>>> print(open('protein_18.cif').read())   # mmCIF, C-alpha atoms
data_protein
#
loop_
_atom_site.label_atom_id
_atom_site.label_comp_id
_atom_site.auth_asym_id
_atom_site.auth_seq_id
_atom_site.Cartn_x
_atom_site.Cartn_y
_atom_site.Cartn_z
CA MET A 1011 -15.21 59.98 -4.92
CA ILE A 1012 -16.73 57.50 -7.29
CA LEU A 1013 -16.97 53.93 -5.98
CA PRO A 1014 -16.81 51.05 -8.43
CA ASN A 1015 -20.14 49.52 -9.20
CA LEU A 1016 -20.09 46.30 -7.13
CA THR A 1017 -22.83 43.92 -8.13
CA PHE A 1018 -23.45 40.35 -7.04
CA ASP A 1019 -22.27 38.14 -9.88
CA LEU A 1020 -23.33 34.55 -9.24
CA THR A 1021 -21.65 33.23 -12.37
CA LEU A 1022 -18.30 34.69 -11.40
CA LEU A 1023 -18.69 33.33 -7.90
CA ILE A 1024 -19.38 29.82 -9.19
CA LYS A 1025 -16.41 30.06 -11.56
CA LEU A 1026 -14.11 31.07 -8.72
CA PHE A 1027 -15.52 28.33 -6.51
CA PHE A 1028 -14.86 25.68 -9.18
CA LEU A 1029 -11.34 26.92 -9.86
CA VAL A 1030 -10.40 27.07 -6.16
CA ILE A 1031 -11.76 23.57 -5.49
CA ILE A 1032 -10.01 22.05 -8.52
CA GLY A 1033 -6.81 23.95 -7.64
CA LEU A 1034 -6.87 22.56 -4.10
CA TYR A 1035 -7.52 19.10 -5.48
CA SER A 1036 -4.51 19.48 -7.80
CA ALA A 1037 -2.38 20.18 -4.72
CA PHE A 1038 -3.71 16.99 -3.11
CA VAL A 1039 -2.88 14.99 -6.24
CA LEU A 1040 0.62 16.44 -6.23
CA ILE A 1041 1.07 15.20 -2.64
CA VAL A 1042 -0.16 11.76 -3.76
CA PHE A 1043 2.35 11.81 -6.62
CA ILE A 1044 5.28 12.72 -4.33
CA ASN A 1045 4.34 10.09 -1.74
CA VAL A 1046 3.88 7.35 -4.32
CA ARG A 1047 7.33 8.14 -5.70
CA SER A 1048 8.84 7.81 -2.23
CA LEU A 1049 7.02 4.51 -1.71
CA THR A 1050 8.28 3.26 -5.06
CA LYS A 1051 11.83 3.92 -3.91
CA LEU A 1052 11.16 2.12 -0.63
CA ILE A 1053 9.94 -1.11 -2.17
CA LEU A 1054 10.94 -1.95 -5.69
CA ILE A 1055 8.57 -4.39 -7.32
CA LYS A 1056 9.82 -5.46 -10.69
CA SER A 1057 7.18 -8.14 -11.15
CA SER A 1058 5.05 -7.26 -14.18
CA SER A 1059 6.63 -3.79 -13.97
CA GLY A 1060 4.73 -3.21 -10.71
CA SER A 1061 6.44 -0.05 -9.47
CA GLN A 1062 6.67 1.38 -12.98
CA LEU A 1063 2.95 0.82 -13.57
CA ILE A 1064 2.05 2.58 -10.33
CA THR A 1065 4.29 5.54 -11.20
CA ILE A 1066 2.70 5.83 -14.66
CA LEU A 1067 -0.82 5.62 -13.16
CA THR A 1068 0.02 8.37 -10.67
CA LEU A 1069 1.41 10.54 -13.45
CA VAL A 1070 -1.77 10.00 -15.49
CA TYR A 1071 -3.83 10.94 -12.43
CA LEU A 1072 -1.80 14.15 -11.99
CA LEU A 1073 -2.05 15.04 -15.69
CA LEU A 1074 -5.82 14.43 -15.71
CA THR A 1075 -6.24 16.81 -12.78
CA VAL A 1076 -4.12 19.50 -14.45
CA PHE A 1077 -6.07 18.97 -17.67
CA LEU A 1078 -9.37 19.42 -15.83
CA PHE A 1079 -8.07 22.60 -14.19
CA ILE A 1080 -7.09 24.02 -17.58
CA LEU A 1081 -10.42 22.90 -19.08
CA ALA A 1082 -12.28 24.66 -16.26
CA LEU A 1083 -10.22 27.82 -16.90
CA VAL A 1084 -11.04 27.73 -20.60
CA ILE A 1085 -14.70 26.77 -20.76
CA LEU A 1086 -16.16 28.35 -17.62
CA MET B 400 47.26 -10.82 36.66
CA VAL B 401 45.39 -9.76 33.60
CA ASN B 402 45.94 -11.91 30.57
CA LEU B 403 46.75 -9.70 27.67
CA TYR B 404 47.40 -12.58 25.35
CA THR B 405 45.57 -15.80 25.19
CA SER B 406 46.30 -18.70 23.01
CA ASP B 407 44.11 -19.31 20.01
CA ASP B 408 42.85 -22.50 21.58
CA SER B 409 41.40 -20.70 24.58
CA LYS B 410 39.44 -18.25 22.43
CA PRO B 411 35.80 -19.10 21.97
CA LYS B 412 35.28 -20.67 18.63
CA ALA B 413 33.32 -18.61 16.16
CA LYS B 414 29.88 -20.06 15.66
CA ALA B 415 29.63 -21.91 12.41
CA GLU B 416 27.38 -20.22 9.88
CA THR B 417 24.16 -22.14 9.80
CA PRO B 418 22.28 -21.75 6.58
CA LEU B 419 18.75 -20.65 7.29
CA LEU B 420 17.39 -22.61 4.43
CA THR B 421 18.64 -26.05 3.61
CA THR B 422 17.13 -29.06 2.02
CA PRO B 423 14.59 -30.99 4.09
CA GLU B 424 16.74 -34.10 3.73
CA ALA B 425 19.61 -32.38 5.54
CA ASN B 426 17.42 -31.23 8.39
CA PRO B 427 13.76 -32.17 8.65
CA GLY B 428 13.00 -29.06 10.71
CA GLN B 429 14.18 -26.69 8.00
CA VAL B 430 12.02 -24.53 5.81
CA LYS B 431 11.38 -25.44 2.22
CA LEU B 432 10.26 -22.66 -0.05
CA GLU B 433 9.60 -22.80 -3.73
CA ARG B 434 10.58 -19.90 -5.91
CA ASP B 435 7.43 -18.06 -6.84
CA GLU B 436 6.72 -16.25 -10.09
CA PRO B 437 5.34 -12.98 -8.74
CA HIS B 438 2.04 -11.53 -9.90
CA ILE B 439 1.31 -7.84 -9.48
CA LEU B 440 -1.89 -8.41 -7.51
CA ALA B 441 -0.81 -11.43 -5.48
CA SER B 442 -0.58 -11.12 -1.72
CA PHE B 443 1.59 -14.12 -0.89
CA HIS B 444 4.94 -14.62 -2.63
CA GLU B 445 7.44 -17.24 -1.60
CA LYS B 446 11.02 -16.29 -2.52
CA PRO B 447 9.76 -13.66 -4.97
CA GLU B 448 11.97 -12.65 -7.85
CA GLY B 449 12.33 -8.98 -8.63
CA ILE B 450 11.23 -7.61 -5.26
CA SER B 451 13.72 -5.59 -3.28
CA PHE B 452 13.54 -2.95 -0.59
CA ALA B 453 15.55 0.05 0.57
CA ASN B 454 18.54 -0.74 2.84
CA GLN B 455 18.58 -4.37 1.77
CA ASP B 456 21.92 -5.89 2.76
CA SER B 457 24.05 -7.74 0.30
CA GLY B 458 23.30 -11.41 0.72
CA GLU B 459 19.94 -10.66 2.23
CA GLU B 460 17.22 -12.51 0.38
CA VAL B 461 13.48 -11.91 0.51
CA LEU B 462 11.89 -15.20 1.54
CA LEU B 463 8.30 -14.14 1.88
CA PHE B 464 6.43 -11.10 0.62
CA LEU B 465 3.01 -10.44 2.08
CA ARG B 466 0.12 -8.10 1.52
CA ARG B 467 -3.40 -8.08 2.84
CA HIS B 468 -5.58 -10.67 1.12
CA TYR B 469 -7.03 -9.31 -2.12
CA ILE B 470 -10.58 -9.95 -0.88
CA THR B 471 -10.11 -7.12 1.66
CA ASN B 472 -10.25 -4.71 -1.29
CA LEU B 473 -13.84 -5.67 -2.00
CA SER B 474 -15.39 -2.89 0.11
CA TRP B 475 -13.70 0.01 -1.71
CA GLN B 476 -14.18 -1.70 -5.08
CA ILE B 477 -17.95 -2.01 -4.52
CA ALA B 478 -18.07 1.59 -3.27
CA THR B 479 -16.23 2.74 -6.42
CA ILE B 480 -18.68 0.90 -8.70
CA VAL B 481 -21.62 2.51 -6.84
CA PHE B 482 -20.00 5.97 -7.12
CA VAL B 483 -19.41 5.44 -10.85
CA MET B 484 -23.02 4.37 -11.40
CA LEU B 485 -24.62 7.19 -9.37
CA PRO B 486 -24.40 10.06 -11.93
CA LEU B 487 -25.42 7.71 -14.75
CA LEU B 488 -28.49 6.66 -12.79
CA ALA B 489 -29.21 10.29 -11.89
CA PHE B 490 -29.00 11.37 -15.55
CA ALA B 491 -31.18 8.44 -16.62
CA ALA B 492 -33.80 9.11 -13.97
CA PHE B 493 -33.81 12.92 -14.22
CA PRO B 494 -36.27 13.26 -17.15
CA TYR B 495 -38.81 11.04 -15.39
CA LEU B 496 -38.68 12.86 -12.06
CA ASN B 497 -40.08 16.21 -13.26
CA ILE B 498 -37.78 18.23 -11.02
CA ALA B 499 -37.45 21.88 -11.99
CA LEU B 500 -34.15 23.48 -10.95
CA PRO B 501 -34.44 27.03 -9.50
CA ILE B 502 -31.70 28.29 -11.85
CA ALA B 503 -30.71 27.18 -15.31
CA VAL B 504 -27.31 25.49 -15.05
CA PRO B 505 -25.24 25.84 -18.22
CA PHE B 506 -23.93 22.65 -19.84
CA ASN B 507 -20.30 23.73 -19.28
CA TYR B 508 -20.76 23.74 -15.54
CA ILE B 509 -22.43 20.34 -15.52
CA LEU B 510 -19.61 18.94 -17.67
CA ILE B 511 -16.89 20.25 -15.34
CA LEU B 512 -18.81 19.08 -12.29
CA VAL B 513 -19.24 15.56 -13.68
CA LEU B 514 -15.59 15.33 -14.79
CA PHE B 515 -14.45 16.56 -11.39
CA TYR B 516 -16.72 14.05 -9.67
CA TYR B 517 -15.23 11.19 -11.70
CA LEU B 518 -11.73 12.43 -10.97
CA ILE B 519 -12.47 12.29 -7.24
CA VAL B 520 -13.90 8.76 -7.62
CA PHE B 521 -10.79 7.71 -9.56
CA GLY B 522 -8.63 9.32 -6.86
CA TYR B 523 -10.47 7.44 -4.12
CA ALA B 524 -10.04 4.10 -5.90
CA PHE B 525 -6.42 4.82 -6.79
CA VAL B 526 -5.40 5.86 -3.26
CA SER B 527 -7.19 2.82 -1.80
CA PHE B 528 -5.27 0.60 -4.23
CA ILE B 529 -1.94 2.30 -3.40
CA VAL B 530 -2.55 1.83 0.33
CA TRP B 531 -3.18 -1.88 -0.26
CA PHE B 532 -0.31 -2.26 -2.73
CA TYR B 533 2.35 -0.73 -0.46
CA ASN B 534 1.07 -2.10 2.85
CA VAL B 535 3.49 -5.00 2.90
CA GLY B 536 5.29 -7.39 5.15
CA ILE B 537 8.68 -8.73 4.14
CA ILE B 538 10.45 -11.69 5.69
CA SER B 539 14.06 -11.99 4.68
CA ASN B 540 16.70 -14.45 5.84
CA HIS B 541 17.85 -11.82 8.41
CA ARG B 542 14.84 -9.85 9.55
CA VAL B 543 11.15 -9.09 9.45
CA ILE B 544 10.04 -5.77 7.96
CA ASP B 545 6.58 -4.33 8.40
CA ILE B 546 5.59 -1.41 6.16
CA ASP B 547 2.26 0.18 7.06
CA VAL B 548 0.85 2.85 4.80
CA ASN B 549 -1.95 4.61 6.65
CA GLY B 550 -3.47 6.95 4.14
CA ILE B 551 -1.42 8.53 1.43
CA SER B 552 0.84 10.80 3.45
CA SER B 553 1.63 8.59 6.42
CA LYS B 554 3.81 5.52 6.53
CA ASP B 555 5.23 3.47 9.37
CA ILE B 556 8.20 1.21 8.76
CA ALA B 557 9.45 -1.21 11.38
CA ALA B 558 12.09 -3.94 11.21
CA THR B 559 13.39 -6.48 13.66
CA ASP B 560 15.95 -9.25 13.57
CA LEU B 561 14.53 -12.73 13.37
CA LYS B 562 16.33 -13.71 16.57
CA ASP B 563 14.60 -10.91 18.52
CA ILE B 564 11.17 -12.43 18.02
CA ILE B 565 10.12 -14.13 21.24
CA ASP B 566 6.58 -15.09 20.43
CA ILE B 567 4.51 -15.45 17.29
CA SER B 568 0.85 -16.25 16.87
CA TYR B 569 -1.98 -15.84 14.42
CA LYS B 570 -5.65 -15.12 14.68
CA GLN B 571 -8.47 -16.00 12.29
CA SER B 572 -11.96 -14.91 13.12
CA GLY B 573 -15.17 -14.66 11.18
CA LEU B 574 -16.55 -16.45 8.17
CA GLN B 575 -14.64 -14.42 5.59
CA GLN B 576 -11.21 -15.08 7.13
CA ASN B 577 -11.85 -18.80 7.52
CA LEU B 578 -13.40 -19.15 4.08
CA PHE B 579 -10.56 -17.42 2.24
CA ASP B 580 -7.81 -18.55 4.63
CA PHE B 581 -6.39 -15.25 5.80
CA GLY B 582 -5.77 -13.74 9.23
CA ASP B 583 -3.64 -11.55 11.46
CA VAL B 584 -0.10 -12.62 12.36
CA GLU B 585 1.25 -11.08 15.55
CA MET B 586 4.87 -11.11 16.66
CA GLU B 587 6.21 -10.12 20.04
CA THR B 588 9.76 -8.84 20.28
CA GLU B 589 12.20 -8.14 23.06
CA ALA B 590 12.52 -4.55 21.97
CA GLU B 591 10.47 -1.65 23.29
CA LYS B 592 8.80 -1.37 19.92
CA PRO B 593 5.22 -2.58 20.08
CA ASN B 594 4.44 -5.91 18.54
CA PHE B 595 4.70 -6.49 14.83
CA GLU B 596 1.52 -7.24 13.03
CA PHE B 597 0.76 -8.49 9.55
CA LEU B 598 -2.93 -7.91 9.17
CA SER B 599 -5.24 -10.02 6.98
CA VAL B 600 -2.40 -11.91 5.30
CA PRO B 601 -3.10 -15.12 3.37
CA HIS B 602 -2.13 -18.51 4.84
CA PRO B 603 -1.28 -17.23 8.36
CA ALA B 604 -0.44 -20.72 9.62
CA LYS B 605 2.21 -21.06 6.92
CA VAL B 606 3.62 -17.63 7.76
CA VAL B 607 3.84 -18.45 11.46
CA ASP B 608 5.48 -21.78 10.68
CA LEU B 609 8.08 -20.16 8.45
CA ILE B 610 8.95 -17.37 10.90
CA SER B 611 9.15 -19.83 13.82
CA LYS B 612 11.59 -22.02 11.93
CA LEU B 613 13.67 -19.07 10.81
CA ASN B 614 13.64 -17.76 14.37
CA VAL B 615 14.92 -21.07 15.75
CA ASN B 616 17.60 -21.25 13.06
CA SER B 617 18.77 -17.69 13.69
CA ARG B 618 19.25 -18.40 17.41
CA ARG B 619 21.55 -21.37 16.76
#
>>> encode(input="protein_18.cif", output="structure tokens")
Amino acid sequence: MILPNLTFDLTLLIKLFFLVIIGLYSAFVLIVFINVRSLTKLILIKSSSGSQLITILTLVYLLLTVFLFILALVIL
Amino acid sequence: MVNLYTSDDSKPKAKAETPLLTTPEANPGQVKLERDEPHILASFHEKPEGISFANQDSGEEVLLFLRRHYITNLSWQIATIVFVMLPLLAFAAFPYLNIALPIAVPFNYILILVLFYYLIVFGYAFVSFIVWFYNVGIISNHRVIDIDVNGISSKDIAATDLKDIIDISYKQSGLQQNLFDFGDVEMETEAEKPNFEFLSVPHPAKVVDLISKLNVNSRR
């Protein structure tokens, strides 16, 4: 039986490490997004579009994280 | 013999509705609040316009909207500035330090690492801001509502009728609290629920005064 040639690939290991960490962080950001939405429903602050601004900021935060995850997938 | 019917005269008269807020001329002990134009970062709104909360009754009006004093955000804001500056300082100082890395790190990895670092810093600042922004106390003409956001996934919401408050006090300690006029307002209720607390709110004396007057009015 021929076994596959298993060699220690540091680069691949680092790539996987980065992707797992950023993936886990994306999950955290998703939790933040869901919780902020529930808080926005709890207290509605119309002053200077308060609640709306917070929702937009959270969405930007989520999109930035997803963008970084995709960037890491592409360039690493 | 049990009286099944009683005359209207013998029935206890319904208590006349006492307005909680009237003009000071009508009753010197009443509360006078001025309508406040709310600002997104303000921590003390009197009769704020455009602020409402879930399960708000019809006819229920928000009289006071409180957050922790803005100065309490200083610690995380300074920490964020330091975290933002750290990589810049490291990159600036690196050529002068003559440190040789054991392995050559490709530029791609450094780029992703730095971007990820800044995303975490942004996340830290954003979550700290959200916790401050939604950690609020609301005093309406019917009740007191305390919303505590402890971290991003935990919130504690408590409400009590104004008439259930049996004791109210405030505490100011330290130079910072006295200098910027903020402190902790504590309310004791008849219920089993532990005491209500509005921590580090601006003008605590004014808050205590308002709640005391509303409490007295609600018991009439």
>>> resolve_selection(input="protein_18.cif", expression="the PyMOL selection byres ((chain A) within 10 of (chain B))", output="MDAnalysis selection string")
chainID A and resid 1021 1024:1025 1028 1031:1032 1035 1038:1039 1041:1046 1049:1061 1063:1064 1067:1068 1071:1072 1074:1075 1078:1079 1081:1082 1085:1086
>>> residues_around(input="protein_18.cif", residues="region 602-609 of chain B", least_positions_apart="4", cutoff="7 Å", atoms="all atoms listed in the file", output="MDAnalysis selection string")
chainID B and resid 430 567:569 580:584 613
>>> write_last_selection(input="protein_18.cif", atoms="C-alpha atoms", output="PDB file, in the coordinates of the input")
ATOM      1  CA  VAL B 430      12.020 -24.530   5.810  1.00  0.00           C
ATOM      2  CA  ILE B 567       4.510 -15.450  17.290  1.00  0.00           C
ATOM      3  CA  SER B 568       0.850 -16.250  16.870  1.00  0.00           C
ATOM      4  CA  TYR B 569      -1.980 -15.840  14.420  1.00  0.00           C
ATOM      5  CA  ASP B 580      -7.810 -18.550   4.630  1.00  0.00           C
ATOM      6  CA  PHE B 581      -6.390 -15.250   5.800  1.00  0.00           C
ATOM      7  CA  GLY B 582      -5.770 -13.740   9.230  1.00  0.00           C
ATOM      8  CA  ASP B 583      -3.640 -11.550  11.460  1.00  0.00           C
ATOM      9  CA  VAL B 584      -0.100 -12.620  12.360  1.00  0.00           C
ATOM     10  CA  LEU B 613      13.670 -19.070  10.810  1.00  0.00           C
TER      11      LEU B 613
END
>>> atom_distance(input="protein_18.cif", atom1="CA of Leu500 (chain B)", atom2="CA of Leu1023 (chain A)")
18.6 Å
>>> atom_distance(input="protein_18.cif", atom1="CA of Leu578 (chain B)", atom2="CA of Val461 (chain B)")
28.1 Å
>>> closest_residue(input="protein_18.cif", among="B:Tyr495, B:Tyr523, B:Phe482, B:Phe490", to="Ile509 (chain B)", atoms="all atoms listed in the file")
B:Phe490
>>> axis_aligned_box(input="protein_18.cif", around="region 481-500 of chain B", padding_each_side="8 Å", output="lines of an AutoDock Vina configuration file")
center_x = -29.7
center_y = 13.0
center_z = -12.0
size_x = 36.7
size_y = 37.0
size_z = 26.3
>>> closest_residue(input="protein_18.cif", among="B:Val615, B:Val543, B:Ile610, B:Ile477", to="Phe595 (chain B)", atoms="all atoms listed in the file")
B:Val543
>>> resolve_selection(input="protein_18.cif", expression="the PyMOL selection byres ((chain B and resi 575) around 12)", output="mmCIF file with C-alpha atoms, in the frame of the given file")
data_model
loop_
_atom_site.group_PDB
_atom_site.id
_atom_site.type_symbol
_atom_site.label_atom_id
_atom_site.label_comp_id
_atom_site.auth_asym_id
_atom_site.auth_seq_id
_atom_site.Cartn_x
_atom_site.Cartn_y
_atom_site.Cartn_z
ATOM 1 C CA HIS B 468 -5.580 -10.670 1.120
ATOM 2 C CA TYR B 469 -7.030 -9.310 -2.120
ATOM 3 C CA ILE B 470 -10.580 -9.950 -0.880
ATOM 4 C CA THR B 471 -10.110 -7.120 1.660
ATOM 5 C CA LEU B 473 -13.840 -5.670 -2.000
ATOM 6 C CA GLN B 571 -8.470 -16.000 12.290
ATOM 7 C CA SER B 572 -11.960 -14.910 13.120
ATOM 8 C CA GLY B 573 -15.170 -14.660 11.180
ATOM 9 C CA LEU B 574 -16.550 -16.450 8.170
ATOM 10 C CA GLN B 576 -11.210 -15.080 7.130
ATOM 11 C CA ASN B 577 -11.850 -18.800 7.520
ATOM 12 C CA LEU B 578 -13.400 -19.150 4.080
ATOM 13 C CA PHE B 579 -10.560 -17.420 2.240
ATOM 14 C CA ASP B 580 -7.810 -18.550 4.630
ATOM 15 C CA PHE B 581 -6.390 -15.250 5.800
ATOM 16 C CA GLY B 582 -5.770 -13.740 9.230
ATOM 17 C CA SER B 599 -5.240 -10.020 6.980
ATOM 18 C CA PRO B 601 -3.100 -15.120 3.370
#
>>> atom_distance(input="protein_18.cif", atom1="CA of Leu561 (chain B)", atom2="CA of Asn540 (chain B)")
8.0 Å
>>> decode(input="protein_18.cif", residues="region 1026-1085 of chain A", atoms="C-alpha atoms", output="compact mmCIF listing (two decimals), in the first residue's frame")
# COMPACT_ATOMS: atom_id res chain seq x y z
CA LEU A 1026 -5.47 27.58 7.82
CA PHE A 1027 -4.78 29.29 11.13
CA PHE A 1028 -5.59 32.72 9.65
CA LEU A 1029 -8.76 31.50 7.98
CA VAL A 1030 -10.04 29.73 11.11
CA ILE A 1031 -9.36 32.75 13.32
CA ILE A 1032 -11.01 35.20 10.90
CA GLY A 1033 -13.92 32.76 10.42
CA LEU A 1034 -14.46 32.56 14.18
CA TYR A 1035 -14.25 36.33 14.41
CA SER A 1036 -16.90 36.62 11.67
CA ALA A 1037 -19.20 34.48 13.83
CA PHE A 1038 -18.59 36.84 16.76
CA VAL A 1039 -19.41 39.86 14.59
CA LEU A 1040 -22.60 38.16 13.46
CA ILE A 1041 -23.62 37.74 17.11
CA VAL A 1042 -22.87 41.45 17.67
CA PHE A 1043 -25.03 42.32 14.66
CA ILE A 1044 -27.99 40.23 15.89
CA ASN A 1045 -27.76 41.63 19.42
CA VAL A 1046 -27.50 45.23 18.25
CA ARG A 1047 -30.61 44.71 16.13
CA SER A 1048 -32.51 43.40 19.15
CA LEU A 1049 -31.32 46.37 21.22
CA THR A 1050 -32.41 48.76 18.48
CA LYS A 1051 -35.91 47.30 18.68
CA LEU A 1052 -35.89 47.63 22.47
CA ILE A 1053 -35.07 51.32 22.55
CA LEU A 1054 -35.83 53.43 19.54
CA ILE A 1055 -33.73 56.57 19.41
CA LYS A 1056 -34.79 58.80 16.59
CA SER A 1057 -32.59 61.70 17.67
CA SER A 1058 -30.04 62.39 14.92
CA SER A 1059 -31.04 58.99 13.48
CA GLY A 1060 -29.41 57.33 16.51
CA SER A 1061 -30.70 53.77 16.10
CA GLN A 1062 -30.32 53.91 12.32
CA LEU A 1063 -26.71 55.07 12.62
CA ILE A 1064 -25.87 52.23 15.00
CA THR A 1065 -27.49 49.67 12.67
CA ILE A 1066 -25.52 51.01 9.70
CA LEU A 1067 -22.26 50.97 11.70
CA THR A 1068 -22.89 47.36 12.74
CA LEU A 1069 -23.60 46.40 9.14
CA VAL A 1070 -20.36 48.08 8.02
CA TYR A 1071 -18.50 46.18 10.75
CA LEU A 1072 -20.01 42.88 9.55
CA LEU A 1073 -19.23 43.64 5.90
CA LEU A 1074 -15.63 44.61 6.73
CA THR A 1075 -15.13 41.29 8.50
CA VAL A 1076 -16.59 39.32 5.59
CA PHE A 1077 -14.43 41.35 3.20
CA LEU A 1078 -11.31 40.54 5.23
CA PHE A 1079 -12.23 36.84 5.24
CA ILE A 1080 -12.60 36.86 1.45
CA LEU A 1081 -9.36 38.85 1.08
CA ALA A 1082 -7.55 36.30 3.24
CA LEU A 1083 -8.97 33.48 1.08
CA VAL A 1084 -7.80 35.19 -2.10
CA ILE A 1085 -4.35 36.52 -1.27
